[in-house]
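*Asks:* Contents of entry_21.txt (compact mmCIF, N, CA, C and O atoms):
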# COMPACT_ATOMS: atom_id res chain seq x y z
N MET A 1 12.21 4.93 -17.48
CA MET A 1 12.40 5.26 -16.08
C MET A 1 11.48 4.39 -15.23
O MET A 1 10.29 4.25 -15.52
N THR A 2 12.00 3.79 -14.18
CA THR A 2 11.19 2.96 -13.32
C THR A 2 10.56 3.79 -12.20
O THR A 2 11.01 4.89 -11.89
N TRP A 3 9.53 3.23 -11.61
CA TRP A 3 8.86 3.87 -10.49
C TRP A 3 9.69 3.67 -9.23
O TRP A 3 10.39 2.68 -9.09
N LYS A 4 9.57 4.61 -8.30
CA LYS A 4 10.30 4.54 -7.04
C LYS A 4 9.30 4.43 -5.89
O LYS A 4 8.31 5.14 -5.86
N ILE A 5 9.56 3.52 -4.95
CA ILE A 5 8.71 3.35 -3.77
C ILE A 5 9.29 4.16 -2.62
O ILE A 5 10.47 4.04 -2.31
N GLU A 6 8.44 4.99 -2.00
CA GLU A 6 8.84 5.75 -0.82
C GLU A 6 7.83 5.46 0.28
O GLU A 6 6.72 5.02 0.02
N TYR A 7 8.22 5.73 1.52
CA TYR A 7 7.36 5.46 2.66
C TYR A 7 7.02 6.76 3.38
O TYR A 7 7.87 7.65 3.49
N TYR A 8 5.79 6.84 3.86
CA TYR A 8 5.33 8.02 4.59
C TYR A 8 6.23 8.32 5.78
O TYR A 8 6.53 9.47 6.06
N SER A 9 6.68 7.29 6.47
CA SER A 9 7.57 7.46 7.63
C SER A 9 8.36 6.18 7.84
O SER A 9 8.08 5.14 7.24
N ASP A 10 9.35 6.27 8.72
CA ASP A 10 10.12 5.09 9.08
C ASP A 10 9.24 4.03 9.75
O ASP A 10 9.47 2.84 9.59
N ASN A 11 8.22 4.50 10.49
CA ASN A 11 7.30 3.56 11.15
C ASN A 11 6.53 2.74 10.14
O ASN A 11 6.29 1.54 10.34
N VAL A 12 6.09 3.36 9.05
CA VAL A 12 5.35 2.64 8.01
C VAL A 12 6.27 1.60 7.37
O VAL A 12 5.88 0.45 7.17
N GLU A 13 7.49 1.98 7.09
CA GLU A 13 8.45 1.04 6.50
C GLU A 13 8.70 -0.13 7.46
O GLU A 13 8.74 -1.29 7.05
N ALA A 14 8.83 0.17 8.76
CA ALA A 14 9.04 -0.88 9.76
C ALA A 14 7.82 -1.80 9.84
O ALA A 14 7.97 -3.03 9.95
N ASP A 15 6.61 -1.23 9.76
CA ASP A 15 5.39 -2.05 9.76
C ASP A 15 5.37 -3.01 8.58
O ASP A 15 4.98 -4.17 8.71
N VAL A 16 5.80 -2.53 7.42
CA VAL A 16 5.86 -3.38 6.24
C VAL A 16 6.86 -4.51 6.47
O VAL A 16 6.57 -5.68 6.23
N LEU A 17 8.04 -4.17 6.96
CA LEU A 17 9.08 -5.17 7.16
C LEU A 17 8.74 -6.17 8.27
O LEU A 17 9.31 -7.25 8.32
N ASN A 18 7.79 -5.81 9.14
CA ASN A 18 7.36 -6.70 10.21
C ASN A 18 6.16 -7.57 9.85
O ASN A 18 5.65 -8.30 10.70
N LEU A 19 5.71 -7.50 8.60
CA LEU A 19 4.63 -8.38 8.15
C LEU A 19 5.11 -9.83 8.26
O LEU A 19 6.31 -10.11 8.14
N PRO A 20 4.19 -10.77 8.48
CA PRO A 20 4.58 -12.19 8.45
C PRO A 20 5.31 -12.53 7.15
O PRO A 20 5.07 -11.91 6.11
N ASP A 21 6.19 -13.51 7.19
CA ASP A 21 7.09 -13.80 6.07
C ASP A 21 6.40 -13.95 4.72
O ASP A 21 6.86 -13.40 3.72
N GLY A 22 5.32 -14.71 4.67
CA GLY A 22 4.62 -14.92 3.40
C GLY A 22 4.02 -13.64 2.85
O GLY A 22 4.09 -13.38 1.64
N LEU A 23 3.43 -12.84 3.72
CA LEU A 23 2.87 -11.55 3.29
C LEU A 23 3.97 -10.60 2.84
O LEU A 23 3.81 -9.88 1.84
N LEU A 24 5.09 -10.60 3.56
CA LEU A 24 6.20 -9.73 3.17
C LEU A 24 6.76 -10.14 1.81
O LEU A 24 7.03 -9.28 0.96
N ALA A 25 6.90 -11.43 1.59
CA ALA A 25 7.41 -11.92 0.30
C ALA A 25 6.48 -11.49 -0.84
O ALA A 25 6.93 -11.04 -1.90
N ARG A 26 5.19 -11.61 -0.62
CA ARG A 26 4.20 -11.22 -1.63
C ARG A 26 4.25 -9.70 -1.85
O ARG A 26 4.19 -9.23 -2.99
N TYR A 27 4.36 -8.94 -0.77
CA TYR A 27 4.48 -7.48 -0.88
C TYR A 27 5.69 -7.10 -1.73
O TYR A 27 5.59 -6.27 -2.64
N LEU A 28 6.83 -7.73 -1.43
CA LEU A 28 8.05 -7.41 -2.17
C LEU A 28 7.91 -7.77 -3.66
O LEU A 28 8.37 -7.02 -4.53
N ARG A 29 7.26 -8.87 -3.95
CA ARG A 29 7.05 -9.27 -5.35
C ARG A 29 6.15 -8.26 -6.07
O ARG A 29 6.43 -7.84 -7.18
N LEU A 30 5.05 -7.88 -5.41
CA LEU A 30 4.13 -6.94 -6.04
C LEU A 30 4.75 -5.55 -6.20
O LEU A 30 4.53 -4.89 -7.22
N THR A 31 5.53 -5.11 -5.22
CA THR A 31 6.16 -3.80 -5.37
C THR A 31 7.25 -3.82 -6.45
O THR A 31 7.48 -2.81 -7.11
N ASP A 32 7.90 -4.97 -6.64
CA ASP A 32 8.82 -5.09 -7.77
C ASP A 32 8.08 -4.88 -9.09
O ASP A 32 8.56 -4.18 -9.98
N LEU A 33 6.90 -5.49 -9.21
CA LEU A 33 6.09 -5.32 -10.41
C LEU A 33 5.64 -3.86 -10.57
O LEU A 33 5.63 -3.33 -11.69
N MET A 34 5.29 -3.22 -9.45
CA MET A 34 4.87 -1.82 -9.51
C MET A 34 6.01 -0.92 -9.95
O MET A 34 5.80 0.02 -10.72
N GLN A 35 7.22 -1.21 -9.51
CA GLN A 35 8.37 -0.42 -9.92
C GLN A 35 8.62 -0.56 -11.41
O GLN A 35 9.02 0.39 -12.07
N GLU A 36 8.35 -1.72 -11.94
CA GLU A 36 8.59 -1.96 -13.37
C GLU A 36 7.44 -1.49 -14.25
O GLU A 36 7.66 -0.85 -15.28
N PHE A 37 6.20 -1.77 -13.84
CA PHE A 37 5.05 -1.54 -14.72
C PHE A 37 4.16 -0.37 -14.30
O PHE A 37 3.22 -0.02 -15.02
N GLY A 38 4.37 0.19 -13.12
CA GLY A 38 3.57 1.32 -12.68
C GLY A 38 2.70 0.98 -11.48
O GLY A 38 2.59 -0.17 -11.06
N ALA A 39 2.08 2.02 -10.95
CA ALA A 39 1.35 1.92 -9.68
C ALA A 39 0.05 1.13 -9.77
O ALA A 39 -0.42 0.61 -8.78
N ASN A 40 -0.53 1.03 -10.95
CA ASN A 40 -1.82 0.35 -11.07
C ASN A 40 -1.64 -1.00 -11.78
O ASN A 40 -1.60 -1.07 -12.99
N LEU A 41 -1.56 -2.06 -10.97
CA LEU A 41 -1.44 -3.41 -11.53
C LEU A 41 -2.80 -4.00 -11.88
O LEU A 41 -2.88 -5.00 -12.56
N GLY A 42 -3.85 -3.37 -11.39
CA GLY A 42 -5.21 -3.85 -11.65
C GLY A 42 -5.62 -4.94 -10.67
O GLY A 42 -4.81 -5.46 -9.91
N ILE A 43 -6.91 -5.26 -10.71
CA ILE A 43 -7.48 -6.30 -9.85
C ILE A 43 -6.85 -7.62 -10.26
O ILE A 43 -6.70 -7.86 -11.44
N PRO A 44 -6.45 -8.50 -9.41
CA PRO A 44 -6.70 -8.56 -7.97
C PRO A 44 -5.59 -7.91 -7.12
O PRO A 44 -5.65 -7.97 -5.91
N HIS A 45 -4.58 -7.30 -7.76
CA HIS A 45 -3.43 -6.81 -7.01
C HIS A 45 -3.61 -5.40 -6.45
O HIS A 45 -3.20 -5.14 -5.32
N THR A 46 -4.16 -4.51 -7.24
CA THR A 46 -4.36 -3.13 -6.79
C THR A 46 -5.79 -2.70 -7.06
O THR A 46 -6.46 -3.24 -7.96
N LYS A 47 -6.25 -1.73 -6.29
CA LYS A 47 -7.62 -1.25 -6.43
C LYS A 47 -7.68 0.22 -6.01
O LYS A 47 -7.02 0.62 -5.05
N VAL A 48 -8.46 1.02 -6.73
CA VAL A 48 -8.67 2.41 -6.35
C VAL A 48 -9.68 2.43 -5.20
O VAL A 48 -10.74 1.84 -5.28
N ILE A 49 -9.32 3.12 -4.11
CA ILE A 49 -10.22 3.25 -2.96
C ILE A 49 -11.08 4.49 -3.14
O ILE A 49 -12.29 4.43 -3.07
N GLN A 50 -10.45 5.63 -3.34
CA GLN A 50 -11.15 6.87 -3.66
C GLN A 50 -10.14 7.89 -4.16
O GLN A 50 -9.01 7.92 -3.71
N ASN A 51 -10.58 8.68 -5.11
CA ASN A 51 -9.74 9.72 -5.72
C ASN A 51 -8.32 9.21 -5.97
O ASN A 51 -8.11 8.36 -6.80
N SER A 52 -7.35 9.69 -5.22
CA SER A 52 -5.96 9.30 -5.46
C SER A 52 -5.41 8.33 -4.43
O SER A 52 -4.21 8.17 -4.29
N LEU A 53 -6.30 7.64 -3.71
CA LEU A 53 -5.89 6.63 -2.74
C LEU A 53 -6.11 5.24 -3.32
O LEU A 53 -7.20 4.92 -3.79
N PHE A 54 -5.05 4.44 -3.28
CA PHE A 54 -5.09 3.09 -3.82
C PHE A 54 -4.75 2.10 -2.72
O PHE A 54 -4.14 2.46 -1.72
N GLU A 55 -5.11 0.83 -2.95
CA GLU A 55 -4.68 -0.22 -2.03
C GLU A 55 -3.96 -1.31 -2.81
O GLU A 55 -4.33 -1.65 -3.93
N LEU A 56 -2.92 -1.83 -2.20
CA LEU A 56 -2.21 -2.99 -2.68
C LEU A 56 -2.75 -4.17 -1.89
O LEU A 56 -2.70 -4.17 -0.66
N ARG A 57 -3.29 -5.14 -2.58
CA ARG A 57 -3.97 -6.27 -1.95
C ARG A 57 -3.01 -7.45 -1.86
O ARG A 57 -2.65 -8.04 -2.86
N ILE A 58 -2.63 -7.79 -0.63
CA ILE A 58 -1.61 -8.81 -0.40
C ILE A 58 -2.27 -10.01 0.28
O ILE A 58 -2.94 -9.87 1.29
N LYS A 59 -2.06 -11.18 -0.31
CA LYS A 59 -2.65 -12.40 0.23
C LYS A 59 -1.60 -13.49 0.25
O LYS A 59 -0.87 -13.69 -0.71
N ALA A 60 -1.53 -14.20 1.38
CA ALA A 60 -0.60 -15.32 1.54
C ALA A 60 -1.22 -16.29 2.54
O ALA A 60 -2.29 -16.03 3.10
N LYS A 61 -0.53 -17.39 2.80
CA LYS A 61 -1.08 -18.39 3.72
C LYS A 61 -1.30 -17.83 5.12
O LYS A 61 -2.15 -18.31 5.86
N GLU A 62 -0.55 -16.78 5.50
CA GLU A 62 -0.70 -16.19 6.84
C GLU A 62 -1.92 -15.28 6.95
O GLU A 62 -2.26 -14.84 8.04
N GLY A 63 -2.53 -14.95 5.85
CA GLY A 63 -3.71 -14.09 5.89
C GLY A 63 -3.70 -13.06 4.77
O GLY A 63 -3.14 -13.29 3.70
N ILE A 64 -4.31 -11.93 5.07
CA ILE A 64 -4.47 -10.86 4.09
C ILE A 64 -3.97 -9.56 4.70
O ILE A 64 -4.25 -9.25 5.85
N ALA A 65 -3.22 -8.79 3.91
CA ALA A 65 -2.78 -7.47 4.34
C ALA A 65 -3.16 -6.46 3.26
O ALA A 65 -3.35 -6.82 2.10
N ARG A 66 -3.28 -5.23 3.67
CA ARG A 66 -3.57 -4.15 2.74
C ARG A 66 -2.56 -3.03 2.97
O ARG A 66 -2.21 -2.71 4.10
N THR A 67 -2.11 -2.46 1.88
CA THR A 67 -1.22 -1.32 1.92
C THR A 67 -1.89 -0.19 1.16
O THR A 67 -2.28 -0.36 0.01
N PHE A 68 -2.07 0.94 1.82
CA PHE A 68 -2.62 2.12 1.15
C PHE A 68 -1.47 2.95 0.59
O PHE A 68 -0.45 3.13 1.27
N TYR A 69 -1.64 3.45 -0.62
CA TYR A 69 -0.60 4.26 -1.24
C TYR A 69 -1.21 5.28 -2.18
O TYR A 69 -2.38 5.21 -2.54
N CYS A 70 -0.38 6.25 -2.56
CA CYS A 70 -0.77 7.23 -3.56
C CYS A 70 0.42 7.40 -4.50
O CYS A 70 1.51 6.91 -4.24
N THR A 71 0.19 8.08 -5.59
CA THR A 71 1.28 8.36 -6.53
C THR A 71 1.64 9.82 -6.45
O THR A 71 0.80 10.67 -6.15
N LYS A 72 2.89 10.10 -6.72
CA LYS A 72 3.41 11.47 -6.69
C LYS A 72 4.04 11.77 -8.05
O LYS A 72 4.38 10.85 -8.80
N VAL A 73 4.22 13.04 -8.33
CA VAL A 73 4.87 13.46 -9.56
C VAL A 73 6.27 12.87 -9.62
O VAL A 73 6.96 12.78 -8.61
N GLY A 74 6.68 12.45 -10.80
CA GLY A 74 8.02 11.91 -10.97
C GLY A 74 8.08 10.41 -10.77
O GLY A 74 9.11 9.87 -10.37
N LYS A 75 6.97 9.72 -11.04
CA LYS A 75 6.90 8.26 -10.93
C LYS A 75 7.29 7.78 -9.54
O LYS A 75 8.16 6.92 -9.37
N LYS A 76 6.66 8.36 -8.53
CA LYS A 76 6.90 7.95 -7.15
C LYS A 76 5.62 7.36 -6.57
O LYS A 76 4.53 7.88 -6.79
N ILE A 77 5.76 6.28 -5.84
CA ILE A 77 4.66 5.64 -5.12
C ILE A 77 4.93 5.86 -3.63
O ILE A 77 5.98 5.47 -3.14
N MET A 78 3.99 6.51 -2.95
CA MET A 78 4.14 6.80 -1.53
C MET A 78 3.28 5.83 -0.73
O MET A 78 2.05 5.87 -0.81
N VAL A 79 3.92 4.94 0.03
CA VAL A 79 3.21 4.00 0.89
C VAL A 79 2.80 4.75 2.16
O VAL A 79 3.65 5.26 2.88
N LEU A 80 1.49 4.82 2.39
CA LEU A 80 0.95 5.62 3.49
C LEU A 80 0.67 4.81 4.75
O LEU A 80 0.84 5.30 5.86
N HIS A 81 0.21 3.57 4.57
CA HIS A 81 -0.24 2.78 5.73
C HIS A 81 -0.33 1.32 5.33
O HIS A 81 -0.64 1.00 4.19
N VAL A 82 -0.07 0.43 6.28
CA VAL A 82 -0.20 -1.00 6.05
C VAL A 82 -0.83 -1.63 7.29
O VAL A 82 -0.61 -1.18 8.41
N PHE A 83 -1.65 -2.65 7.06
CA PHE A 83 -2.26 -3.38 8.18
C PHE A 83 -2.64 -4.77 7.72
O PHE A 83 -2.81 -5.03 6.53
N VAL A 84 -2.73 -5.68 8.69
CA VAL A 84 -3.19 -7.04 8.41
C VAL A 84 -4.70 -7.03 8.57
O VAL A 84 -5.24 -6.59 9.59
N LYS A 85 -5.38 -7.51 7.56
CA LYS A 85 -6.84 -7.45 7.51
C LYS A 85 -7.44 -8.65 8.24
O LYS A 85 -7.04 -9.78 8.03
N LYS A 86 -8.44 -8.37 9.07
CA LYS A 86 -9.09 -9.44 9.84
C LYS A 86 -10.58 -9.57 9.53
O LYS A 86 -11.21 -10.52 9.93
N THR A 87 -11.14 -8.59 8.84
CA THR A 87 -12.57 -8.63 8.49
C THR A 87 -12.73 -8.44 6.98
O THR A 87 -11.78 -8.09 6.28
N GLN A 88 -13.95 -8.64 6.51
CA GLN A 88 -14.24 -8.53 5.09
C GLN A 88 -14.06 -7.09 4.59
O GLN A 88 -13.50 -6.85 3.54
N LYS A 89 -14.57 -6.13 5.38
CA LYS A 89 -14.50 -4.72 4.98
C LYS A 89 -13.21 -4.08 5.50
O LYS A 89 -12.61 -4.55 6.46
N ILE A 90 -12.85 -2.96 4.88
CA ILE A 90 -11.71 -2.17 5.37
C ILE A 90 -12.16 -1.49 6.66
O ILE A 90 -13.15 -0.75 6.66
N PRO A 91 -11.44 -1.70 7.77
CA PRO A 91 -11.82 -1.02 9.01
C PRO A 91 -11.74 0.51 8.86
O PRO A 91 -10.79 1.03 8.28
N THR A 92 -12.75 1.20 9.37
CA THR A 92 -12.83 2.65 9.27
C THR A 92 -11.58 3.32 9.84
O THR A 92 -11.07 4.28 9.26
N LYS A 93 -11.10 2.81 10.96
CA LYS A 93 -9.91 3.37 11.61
C LYS A 93 -8.71 3.36 10.66
O LYS A 93 -7.97 4.34 10.55
N GLU A 94 -8.51 2.25 9.96
CA GLU A 94 -7.36 2.11 9.05
C GLU A 94 -7.51 3.06 7.86
O GLU A 94 -6.54 3.69 7.44
N LEU A 95 -8.72 3.17 7.34
CA LEU A 95 -8.96 4.07 6.21
C LEU A 95 -8.74 5.52 6.60
O LEU A 95 -8.16 6.30 5.84
N LYS A 96 -9.18 5.91 7.81
CA LYS A 96 -8.98 7.28 8.29
C LYS A 96 -7.50 7.63 8.37
O LYS A 96 -7.10 8.72 8.00
N ILE A 97 -6.70 6.71 8.87
CA ILE A 97 -5.26 6.94 8.97
C ILE A 97 -4.69 7.22 7.58
O ILE A 97 -3.95 8.19 7.38
N ALA A 98 -5.05 6.39 6.63
CA ALA A 98 -4.53 6.56 5.26
C ALA A 98 -5.00 7.88 4.65
O ALA A 98 -4.20 8.58 4.01
N LEU A 99 -6.26 8.25 4.86
CA LEU A 99 -6.77 9.49 4.28
C LEU A 99 -6.12 10.72 4.90
O LEU A 99 -5.82 11.70 4.19
N GLU A 100 -5.86 10.68 6.21
CA GLU A 100 -5.17 11.80 6.86
C GLU A 100 -3.75 11.95 6.31
O GLU A 100 -3.29 13.06 6.04
N ARG A 101 -3.08 10.85 6.13
CA ARG A 101 -1.72 10.89 5.60
C ARG A 101 -1.71 11.35 4.14
O ARG A 101 -0.81 12.06 3.72
N LEU A 102 -2.72 10.94 3.39
CA LEU A 102 -2.84 11.38 2.00
C LEU A 102 -2.98 12.90 1.94
O LEU A 102 -2.33 13.54 1.10
N LYS A 103 -3.80 13.47 2.82
CA LYS A 103 -3.94 14.93 2.87
C LYS A 103 -2.60 15.61 3.14
O LYS A 103 -2.28 16.62 2.54
N GLU A 104 -1.85 15.04 4.08
CA GLU A 104 -0.55 15.60 4.43
C GLU A 104 0.42 15.63 3.26
O GLU A 104 1.07 16.63 3.00
N VAL A 105 0.53 14.51 2.56
CA VAL A 105 1.51 14.43 1.46
C VAL A 105 1.02 15.12 0.20
O VAL A 105 1.82 15.39 -0.70
N SER A 106 -0.26 15.45 0.13
CA SER A 106 -0.81 16.12 -1.05
C SER A 106 -0.69 17.63 -0.98
O SER A 106 -1.01 18.32 -1.92
N LYS A 107 -0.26 18.15 0.17
CA LYS A 107 -0.14 19.61 0.33
C LYS A 107 0.97 20.17 -0.52
O LYS A 107 1.96 19.62 -0.75
With the file now loaded, output its structure as structure tokens.

*Replies:*
Amino acid sequence: MTWKIEYYSDNVEADVLNLPDGLLARYLRLTDLMQEFGANLGIPHTKVIQNSLFELRIKAKEGIARTFYCTKVGKKIMVLHVFVKKTQKIPTKELKIALERLKEVSK
């Protein structure tokens, strides 16, 4: 059974689809691998942020993007938030959004 990718909302899916072309292509390639091999591809592609929150690390010539996600029962990957990274650290605002959404879907 393969893994299934779901999105927290239509807005999150739209944000993903609006990534610059190179980042979107890389995202699609990595999510194909996640569907086949599971949610944890390991460094440099995926990383545990805390508890059940993970990040998909996307890099292309246009820059760097991060996608926060969690896993659900039944081999489901829930994409919670995506943003284009501009600094070395994860911005607190972006992390808060992902953690709030994680709480919502974990209920």

*Asks:* With all atoms of region 29-46 of chain A from the file as input, state the centre and edge lengths in Å to one decimal of the axis-aligned box that has 6 Å extra on each side, as AutoDock Vina command-line options.

*Replies:*
--center_x 0.8 --center_y -3.6 --center_z -9.6 --size_x 28.5 --size_y 23.3 --size_z 23.3

*Asks:* Can you measure CA of Tyr7 (chain A) to CA of Ser106 (chain A) for me? One decimal in Å is fine.

*Replies:*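 Distance between the two atoms: 13.9 Å.
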
*Asks:* Mind giving me the straight-line distance from atom N of Lys103 (chain A) to atom C of Gly22 (chain A) in Å, one decimal?

*Replies:*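 So the two atoms, atom N of Lys103 (chain A) and atom C of Gly22 (chain A), lie 28.2 Å apart.
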
*Asks:* I need the helix (DSSP H, G or I) residues of region 17-48 of chain A per DSSP on the backbone, written as a compact mmCIF listing (two decimals) with N, CA, C and O atoms, keeping the file's coordinate frame.

*Replies:*
# COMPACT_ATOMS: atom_id res chain seq x y z
N LEU A 17 8.04 -4.17 6.96
CA LEU A 17 9.08 -5.17 7.16
C LEU A 17 8.74 -6.17 8.27
O LEU A 17 9.31 -7.25 8.32
N ASP A 21 6.19 -13.51 7.19
CA ASP A 21 7.09 -13.80 6.07
C ASP A 21 6.40 -13.95 4.72
O ASP A 21 6.86 -13.40 3.72
N GLY A 22 5.32 -14.71 4.67
CA GLY A 22 4.62 -14.92 3.40
C GLY A 22 4.02 -13.64 2.85
O GLY A 22 4.09 -13.38 1.64
N LEU A 23 3.43 -12.84 3.72
CA LEU A 23 2.87 -11.55 3.29
C LEU A 23 3.97 -10.60 2.84
O LEU A 23 3.81 -9.88 1.84
N LEU A 24 5.09 -10.60 3.56
CA LEU A 24 6.20 -9.73 3.17
C LEU A 24 6.76 -10.14 1.81
O LEU A 24 7.03 -9.28 0.96
N ALA A 25 6.90 -11.43 1.59
CA ALA A 25 7.41 -11.92 0.30
C ALA A 25 6.48 -11.49 -0.84
O ALA A 25 6.93 -11.04 -1.90
N ARG A 26 5.19 -11.61 -0.62
CA ARG A 26 4.20 -11.22 -1.63
C ARG A 26 4.25 -9.70 -1.85
O ARG A 26 4.19 -9.23 -2.99
N TYR A 27 4.36 -8.94 -0.77
CA TYR A 27 4.48 -7.48 -0.88
C TYR A 27 5.69 -7.10 -1.73
O TYR A 27 5.59 -6.27 -2.64
N LEU A 28 6.83 -7.73 -1.43
CA LEU A 28 8.05 -7.41 -2.17
C LEU A 28 7.91 -7.77 -3.66
O LEU A 28 8.37 -7.02 -4.53
N ARG A 29 7.26 -8.87 -3.95
CA ARG A 29 7.05 -9.27 -5.35
C ARG A 29 6.15 -8.26 -6.07
O ARG A 29 6.43 -7.84 -7.18
N LEU A 30 5.05 -7.88 -5.41
CA LEU A 30 4.13 -6.94 -6.04
C LEU A 30 4.75 -5.55 -6.20
O LEU A 30 4.53 -4.89 -7.22
N THR A 31 5.53 -5.11 -5.22
CA THR A 31 6.16 -3.80 -5.37
C THR A 31 7.25 -3.82 -6.45
O THR A 31 7.48 -2.81 -7.11
N ASP A 32 7.90 -4.97 -6.64
CA ASP A 32 8.82 -5.09 -7.77
C ASP A 32 8.08 -4.88 -9.09
O ASP A 32 8.56 -4.18 -9.98
N LEU A 33 6.90 -5.49 -9.21
CA LEU A 33 6.09 -5.32 -10.41
C LEU A 33 5.64 -3.86 -10.57
O LEU A 33 5.63 -3.33 -11.69
N MET A 34 5.29 -3.22 -9.45
CA MET A 34 4.87 -1.82 -9.51
C MET A 34 6.01 -0.92 -9.95
O MET A 34 5.80 0.02 -10.72
N GLN A 35 7.22 -1.21 -9.51
CA GLN A 35 8.37 -0.42 -9.92
C GLN A 35 8.62 -0.56 -11.41
O GLN A 35 9.02 0.39 -12.07
N GLU A 36 8.35 -1.72 -11.94
CA GLU A 36 8.59 -1.96 -13.37
C GLU A 36 7.44 -1.49 -14.25
O GLU A 36 7.66 -0.85 -15.28
N PHE A 37 6.20 -1.77 -13.84
CA PHE A 37 5.05 -1.54 -14.72
C PHE A 37 4.16 -0.37 -14.30
O PHE A 37 3.22 -0.02 -15.02

*Asks:* Using all atoms listed in the file, which residue out of A:His81, A:His45, A:Lys72, A:Lys93 lies closest to Val105 (chain A)?

*Replies:*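 Smallest distance to Val105 (chain A) is found for A:Lys72.
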